[in-house]
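Engineer: Take a look at the following structure, please.
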Amino acid sequence: MQTVVAIYTGQGLADPLKKVFHEMLPDIRLVNIIDDSLIGDVVRAGHIPEVVSRHLVQYYRHAEELGADVILNTCSSVGDVADEAVEAIGIPIVRIDEWMAAKAVAGYTRIAVLATLPSTLEPTLRLIQRKADEAGREVQLVSGLAEGAFDALISGKPEEHDRLLLETAKRATDDADVLVLAQGSMARMEQALAEATGKPVLSSPRFGVEHVKAVLEAAKETKAGS
């Protein structure tokens with residue numbers, strides 16, 4: 001049985017993502033590592049502190065010890081750490097948002113990125129621009145920061161979070177062909193945002209699991225052919 005270790009910097013995405021795994025990869029062994037202190041440290045610092053990078057790399061190594069075939073890095077705010085750690089870790093590390101970014105670049109020119117945290121917005125913008133550069137495509141990026149939405153969510157006011165995110169999406173709509181949700185935890189708003197704006201909306205959880213599935217299948221084929 002193949003093993004996937006998913007590493008979380010907060011609590012909110014673990015249960016929804018588990019459902020996607022059960023739907024798309026029902027036969028794998030899924031192990032979750034959750035350290036919800038990490039996103040708090042990133043938010044307070046406004047960037048990825050060295051201590052957060054160090055802890056994440058320790059979790060990647062722990063995932064190796066747990067027998068992981070693939071590590072899923074579920075937090076877009078710390079995706080750069082995953083990129084930097086790939087060569088030092090002996091197994092693939094999948095960024096949850098990488099295929100979403102590639103999909104956005106492949107299909108659209110004017111891309112609005114919606115986020116509730118600056119610490120997630122900037123890395124996602126960089127990732128999409130990198131994917132565009134790799135594909136030789138020119139894109140126009142629109143920043144959509146729903147200020148106050150994250151604080152509303154952690155304060156137990158999900159309706160306020162959703163309202164602020166919806167307002168941000170509507171402001172970005174005229175300048176965008178597609179809306180990209182920078183945080184996996186925002187995926188539950190995908191349909192509502194699409195209906196309210198009339199624009200396609202991309203979120204990372206399903207793309208991330210599809211990416212993991214592809215890596216696992218490639219590993220199986222390699223093993224069978226060796």
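Residue numbering restarts at 1 in every chain; chains get A, B, ... in the order shown in the structure tokens, and ligands count up from 1 in that same order.
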Skipping near chain neighbours, those fewer than 6 positions away, what residues fall within 12 Å of Asp27 (chain A) using only C-alpha atoms, listed as a compact mmCIF listing (two decimals) with C-alpha atoms, in the first residue's frame?

Structural biologist:
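What follows is the written file result_16.txt:
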```
# COMPACT_ATOMS: atom_id res chain seq x y z
CA MET A 1 0.00 0.00 0.00
CA GLN A 2 1.35 3.41 -0.99
CA THR A 3 1.61 6.10 1.69
CA VAL A 4 0.95 9.84 1.39
CA PHE A 21 -8.33 11.69 -0.89
CA LYS A 213 -2.14 10.61 -7.81
CA LEU A 216 2.07 7.74 -7.27
```

Engineer: List as a VMD selection string the protein and nucleic acid residues near Glu160 (chain A), meaning an atom at most 10 Å away when only C-alpha atoms are counted, but skip any in the same chain fewer than 6 places from it.

Structural biologist: chain A and resid 148 to 153 166

Engineer: Any chance you can output those residues with N, CA, C and O atoms as a short mmCIF file (atom, residue, chain, number, x, y, z; two decimals), in the first residue's frame?

Structural biologist:
```
data_model
loop_
_atom_site.label_atom_id
_atom_site.label_comp_id
_atom_site.auth_asym_id
_atom_site.auth_seq_id
_atom_site.Cartn_x
_atom_site.Cartn_y
_atom_site.Cartn_z
N GLY A 148 -9.21 41.46 6.36
CA GLY A 148 -10.10 41.23 7.48
C GLY A 148 -10.81 39.89 7.45
O GLY A 148 -11.37 39.46 8.46
N ALA A 149 -10.76 39.20 6.31
CA ALA A 149 -11.49 37.94 6.19
C ALA A 149 -10.87 36.84 7.05
O ALA A 149 -11.59 36.06 7.69
N PHE A 150 -9.55 36.77 7.08
CA PHE A 150 -8.90 35.73 7.89
C PHE A 150 -9.20 35.94 9.36
O PHE A 150 -9.52 34.98 10.08
N ASP A 151 -9.11 37.18 9.82
CA ASP A 151 -9.40 37.46 11.22
C ASP A 151 -10.85 37.11 11.56
O ASP A 151 -11.14 36.60 12.65
N ALA A 152 -11.75 37.38 10.62
CA ALA A 152 -13.16 37.03 10.84
C ALA A 152 -13.33 35.52 10.99
O ALA A 152 -14.06 35.05 11.86
N LEU A 153 -12.62 34.78 10.16
CA LEU A 153 -12.76 33.33 10.19
C LEU A 153 -12.26 32.75 11.50
O LEU A 153 -12.94 31.92 12.13
N LEU A 166 -16.30 37.52 -1.02
CA LEU A 166 -17.19 37.74 -2.16
C LEU A 166 -17.04 39.17 -2.69
O LEU A 166 -16.99 39.38 -3.92
#
```

Engineer: What's around Lys18 (chain A) at 10 Å? Count only C-alpha atoms, leave out sequence neighbours fewer than 3 positions away in its own chain, and write the answer as a list in words.

Structural biologist: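 Listing them by chain and then by number gives Ala6, Leu13, Ala14, Asp15, Phe21, His22, Glu23, Met24, Leu25, Pro26, Leu30, Val31, Asn32, Pro205 and Val209 of chain A.
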
Engineer: For the residues in the current selection, export C-alpha atoms as a compact mmCIF listing (two decimals), in the first residue's frame.

Structural biologist:
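Result file is result34.txt:
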```
# COMPACT_ATOMS: atom_id res chain seq x y z
CA ALA A 6 0.03 15.48 4.14
CA LEU A 13 -8.16 21.99 5.51
CA ALA A 14 -7.47 18.54 6.96
CA ASP A 15 -11.03 17.17 6.99
CA PHE A 21 -8.33 11.69 -0.89
CA HIS A 22 -10.98 9.10 -0.05
CA GLU A 23 -12.75 9.89 -3.31
CA MET A 24 -9.72 9.94 -5.60
CA LEU A 25 -7.21 7.70 -3.83
CA PRO A 26 -9.24 5.37 -1.60
CA LEU A 30 -2.97 8.76 4.37
CA VAL A 31 -1.07 10.21 7.31
CA ASN A 32 -1.66 13.81 8.45
CA PRO A 205 -7.37 20.75 -3.10
CA VAL A 209 -4.63 15.36 -4.98
```

Engineer: Where does region 194-218 of chain A meet region 86-96 of chain A within 8 Å, residue by residue, with the nearest atom pair and distance in Å to one decimal for each, counting only C-alpha atoms, listed by chain and rising number, as a tab-separated table?

Structural biologist:
```
residue	atom	partner	partner_atom	distance
A:Ser204	CA	A:Ile96	CA	5.9
A:Pro205	CA	A:Ile96	CA	6.5
A:Phe207	CA	A:Ile96	CA	7.1
A:Gly208	CA	A:Ile96	CA	4.1
A:Val209	CA	A:Ile96	CA	7.4
A:His211	CA	A:Val94	CA	7.2
A:Val212	CA	A:Val94	CA	6.6
A:Val215	CA	A:Pro92	CA	7.9
```

Engineer: What is the CA of Ser53 (chain A)-CA of Asp35 (chain A) distance in Å, reported with one decimal?

Structural biologist: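 Computing the Euclidean distance for CA of Ser53 (chain A) and CA of Asp35 (chain A) yields 12.5 Å.
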
Engineer: Among region 82-157 of chain A, which ones does DSSP assign to strand (DSSP E) (computed from the backbone)? Answer as a list in words.

Structural biologist: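 Those in region 82-157 of chain A that DSSP calls strand (DSSP E) are Ile93, Val94, Arg95, Arg110, Ile111, Ala112, Val113, Leu114, Ala115, Gln140, Leu141, Val142, Ser143, Gly144 and Leu145 of chain A.
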
Engineer: Could the residues in this selection be written to a file with C-alpha atoms, as a compact mmCIF listing (two decimals), in the first residue's frame?

Structural biologist:
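Writing the result to selection.txt gives the following:
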```txt
# COMPACT_ATOMS: atom_id res chain seq x y z
CA ILE A 93 7.15 16.77 -2.37
CA VAL A 94 4.00 18.01 -4.07
CA ARG A 95 2.83 21.58 -3.61
CA ARG A 110 -5.85 37.69 -16.98
CA ILE A 111 -5.61 35.86 -13.67
CA ALA A 112 -6.96 37.24 -10.39
CA VAL A 113 -5.55 35.67 -7.25
CA LEU A 114 -7.80 35.89 -4.20
CA ALA A 115 -6.44 35.44 -0.68
CA GLN A 140 -1.63 39.68 -16.30
CA LEU A 141 -1.92 39.10 -12.57
CA VAL A 142 -4.51 40.83 -10.41
CA SER A 143 -4.13 40.85 -6.63
CA GLY A 144 -7.28 40.35 -4.60
CA LEU A 145 -6.62 40.54 -0.87
```

Engineer: For a test of reading the model, state the distance in Å between CA of Tyr59 (chain A) and CA of Val180 (chain A), rounded to one decimal.

Structural biologist: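 One can read the CA of Tyr59 (chain A) to CA of Val180 (chain A) distance as 27.8 Å.
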
Engineer: Between CA of Val70 (chain A) and CA of Glu190 (chain A), what distance in Å does the model show, to one decimal?

Structural biologist: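 Computing it gives 26.6 Å between the two atoms.
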
Engineer: Which of region 26-173 of chain A end up as helix (DSSP H, G or I) when DSSP is run on this backbone - answer as a ChimeraX atom specification?

Structural biologist: /A:37-45,50-65,76-85,98-107,118-135,149-154,158-173

Engineer: Might you pull out every residue within 8 Å of Cys75 (chain A), with only C-alpha atoms counted and same-chain residues fewer than 6 positions away left off, and present them as a list in words?

Structural biologist: Ile7, Tyr8, Thr9, Arg95, Ile96, Gln183 and Gly184 of chain A

Engineer: Within 7 Å of region 131-135 of chain A, which residues of region 83-119 of chain A come that close, and what is the closest atom pair and distance in Å for each? Count only C-alpha atoms and give it as CSV.

Structural biologist:
```
residue,atom,partner,partner_atom,distance
A:Ala101,CA,A:Lys131,CA,6.8
A:Ala102,CA,A:Lys131,CA,5.8
A:Val105,CA,A:Ala132,CA,5.7
```

Engineer: Which one is closest to Pro49 (chain A): A:Asp177, A:Glu167, A:Glu221, A:Asp80? Count only C-alpha atoms.

Structural biologist: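 Closest residue, counting only C-alpha atoms: A:Asp80.
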
Engineer: With only C-alpha atoms as the atoms that count, which of A:Leu165, A:Thr173, A:Ala218, A:Ala82 lies nearest to Ala192 (chain A)?

Structural biologist: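 Looking only at the distances to Ala192 (chain A), the closest residue turns out to be A:Leu165.
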